[in-house]
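Shown below: model-v5.pdb, with PDB, C-alpha atoms.
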```
ATOM      1  CA  MET A 771      50.033 -11.818 173.297  1.00  0.00           C
ATOM      2  CA  THR A 772      48.972 -11.434 176.923  1.00  0.00           C
ATOM      3  CA  ASP A 773      50.661 -13.236 179.783  1.00  0.00           C
ATOM      4  CA  LYS A 774      47.585 -15.420 180.294  1.00  0.00           C
ATOM      5  CA  ALA A 775      47.436 -16.372 176.599  1.00  0.00           C
ATOM      6  CA  LEU A 776      51.141 -17.195 176.621  1.00  0.00           C
ATOM      7  CA  GLU A 777      50.713 -19.340 179.746  1.00  0.00           C
ATOM      8  CA  ASN A 778      47.794 -21.214 178.123  1.00  0.00           C
ATOM      9  CA  CYS A 779      49.828 -21.840 174.975  1.00  0.00           C
ATOM     10  CA  TYR A 780      52.740 -23.120 177.056  1.00  0.00           C
ATOM     11  CA  ARG A 781      50.471 -25.428 179.084  1.00  0.00           C
ATOM     12  CA  GLU A 782      48.821 -26.851 175.942  1.00  0.00           C
ATOM     13  CA  HIS A 783      52.220 -27.641 174.447  1.00  0.00           C
ATOM     14  CA  LEU A 784      53.374 -29.195 177.728  1.00  0.00           C
ATOM     15  CA  GLU A 785      50.271 -31.390 177.898  1.00  0.00           C
ATOM     16  CA  GLU A 786      50.812 -32.516 174.322  1.00  0.00           C
ATOM     17  CA  ASP A 787      54.423 -33.452 175.150  1.00  0.00           C
ATOM     18  CA  ILE A 788      53.336 -35.407 178.241  1.00  0.00           C
ATOM     19  CA  VAL A 789      50.679 -37.347 176.321  1.00  0.00           C
ATOM     20  CA  PHE A 790      53.078 -38.104 173.462  1.00  0.00           C
ATOM     21  CA  CYS A 791      55.769 -39.253 175.900  1.00  0.00           C
ATOM     22  CA  LEU A 792      53.301 -41.488 177.774  1.00  0.00           C
ATOM     23  CA  SER A 793      52.100 -42.954 174.492  1.00  0.00           C
ATOM     24  CA  GLU A 794      55.666 -43.741 173.435  1.00  0.00           C
ATOM     25  CA  ARG A 795      56.742 -45.190 176.777  1.00  0.00           C
ATOM     26  CA  ARG A 796      53.717 -47.444 177.188  1.00  0.00           C
ATOM     27  CA  LYS A 797      53.346 -48.190 173.489  1.00  0.00           C
ATOM     28  CA  ILE A 798      49.676 -47.245 173.580  1.00  0.00           C
ATOM     29  CA  PRO A 799      47.590 -45.186 171.149  1.00  0.00           C
ATOM     30  CA  PHE A 800      47.789 -41.412 171.551  1.00  0.00           C
ATOM     31  CA  GLU A 801      44.047 -41.276 172.310  1.00  0.00           C
ATOM     32  CA  GLN A 802      44.422 -43.726 175.200  1.00  0.00           C
ATOM     33  CA  ALA A 803      47.370 -41.782 176.597  1.00  0.00           C
ATOM     34  CA  MET A 804      45.341 -38.581 176.299  1.00  0.00           C
ATOM     35  CA  SER A 805      42.474 -40.140 178.261  1.00  0.00           C
ATOM     36  CA  LEU A 806      44.827 -41.377 180.982  1.00  0.00           C
ATOM     37  CA  TYR A 807      46.404 -37.938 181.278  1.00  0.00           C
ATOM     38  CA  TYR A 808      43.203 -35.881 181.301  1.00  0.00           C
ATOM     39  CA  HIS A 809      41.630 -38.130 183.945  1.00  0.00           C
ATOM     40  CA  SER A 810      44.655 -37.880 186.233  1.00  0.00           C
ATOM     41  CA  LYS A 811      45.359 -35.812 189.314  1.00  0.00           C
ATOM     42  CA  LEU A 812      48.460 -34.528 187.559  1.00  0.00           C
ATOM     43  CA  ALA A 813      46.351 -32.853 184.862  1.00  0.00           C
ATOM     44  CA  ASP A 814      44.383 -31.034 187.571  1.00  0.00           C
ATOM     45  CA  ARG A 815      47.560 -29.933 189.332  1.00  0.00           C
ATOM     46  CA  ILE A 816      49.067 -28.635 186.099  1.00  0.00           C
ATOM     47  CA  HIS A 817      45.842 -26.808 185.206  1.00  0.00           C
ATOM     48  CA  LYS A 818      45.766 -25.155 188.648  1.00  0.00           C
ATOM     49  CA  GLY A 819      49.493 -24.390 188.547  1.00  0.00           C
ATOM     50  CA  GLU A 820      50.006 -26.049 191.929  1.00  0.00           C
ATOM     51  CA  TYR A 821      53.462 -25.231 193.296  1.00  0.00           C
ATOM     52  CA  GLY A 822      54.678 -24.268 189.824  1.00  0.00           C
ATOM     53  CA  ILE A 823      54.485 -27.912 188.722  1.00  0.00           C
ATOM     54  CA  GLN A 824      53.731 -26.814 185.168  1.00  0.00           C
ATOM     55  CA  TYR A 825      57.308 -25.566 184.828  1.00  0.00           C
ATOM     56  CA  LEU A 826      58.897 -29.001 185.261  1.00  0.00           C
ATOM     57  CA  ASP A 827      60.197 -30.837 182.220  1.00  0.00           C
ATOM     58  CA  HIS A 828      57.620 -32.980 180.418  1.00  0.00           C
ATOM     59  CA  SER A 829      59.669 -36.149 180.981  1.00  0.00           C
ATOM     60  CA  VAL A 830      59.692 -35.547 184.749  1.00  0.00           C
ATOM     61  CA  LEU A 831      55.947 -34.915 184.652  1.00  0.00           C
ATOM     62  CA  THR A 832      55.446 -38.119 182.661  1.00  0.00           C
ATOM     63  CA  ASP A 833      57.389 -39.979 185.377  1.00  0.00           C
ATOM     64  CA  ILE A 834      55.016 -38.503 187.967  1.00  0.00           C
ATOM     65  CA  LEU A 835      52.014 -39.491 185.860  1.00  0.00           C
ATOM     66  CA  GLU A 836      53.263 -43.055 185.459  1.00  0.00           C
ATOM     67  CA  GLN A 837      53.785 -43.324 189.205  1.00  0.00           C
ATOM     68  CA  GLU A 838      50.225 -42.065 189.760  1.00  0.00           C
ATOM     69  CA  LEU A 839      48.858 -44.577 187.268  1.00  0.00           C
ATOM     70  CA  GLU A 840      50.741 -47.438 188.947  1.00  0.00           C
ATOM     71  CA  GLU A 841      49.385 -46.429 192.359  1.00  0.00           C
ATOM     72  CA  ASN A 842      45.816 -46.398 191.011  1.00  0.00           C
ATOM     73  CA  GLN A 843      45.954 -49.931 189.566  1.00  0.00           C
TER      74      GLN A 843
END
```

Rewrite the coordinates I just gave you, this time as structure tokens.
Amino acid sequence: MTDKALENCYREHLEEDIVFCLSERRKIPFEQAMSLYYHSKLADRIHKGEYGIQYLDHSVLTDILEQELEENQ
């Protein structure tokens, strides 16, 4: 497995953990949590690897996402 493939696999798993955590915390359907995540600035930052953000724990990233969602309401 190449480094890029490994990084993609890691990011996909991280995104799944974030969406699941958001779904659990907000008691919303997984599909709704997925939509909120993929339309967020956080998703873009993780995809770009901004400042190594993708290496933070999924619960910390979910906190950041929830803060972003609150600011956008």

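Omitting segment 802-808 of chain A and its sequence neighbours fewer than 4 positions away, and counting all atoms listed in the file, the residues within 10 Å are A:Glu785, A:Glu786, A:Ile788, A:Val789, A:Phe790, A:Cys791, A:Leu792, A:Ser793, A:Glu794, A:Arg795, A:Arg796, A:Lys797, A:Ile798, A:Leu812, A:Ala813, A:Asp814, A:Thr832, A:Leu835, A:Glu836, A:Leu839.
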
Would you compute the distance between atom CA of His809 of chain A and atom CA of Leu784 of chain A? Give it in Å to one decimal.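 About the pair atom CA of His809 of chain A and atom CA of Leu784 of chain A: they are 16.0 Å apart.
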
Report, in Å with one decimal, the straight-line distance from atom CA of Ser810 of chain A to atom CA of Asn842 of chain A.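 Those two atoms sit 9.8 Å apart.
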
Using all atoms listed in the file, determine which residues lie at most 10 Å from segment 815-818 of chain A, disregarding the query and same-chain residues fewer than 2 positions distant; provide the list as a PyMOL selection string. chain A and resi 778+781-782+784-785+810-813+820-826+831

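Among the candidates A:Leu776, A:Gln837, A:Ser829, A:Asp787, the one nearest to Phe800 of chain A when counting all atoms listed in the file is A:Asp787.
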
Exercise on segment 792-807 of chain A, axis-aligned box with 6 Å per side, report centre and edge lengths in Å to one decimal, as AutoDock Vina command-line options:
```
--center_x 49.6 --center_y -43.1 --center_z 176.2 --size_x 26.3 --size_y 22.3 --size_z 22.1
```
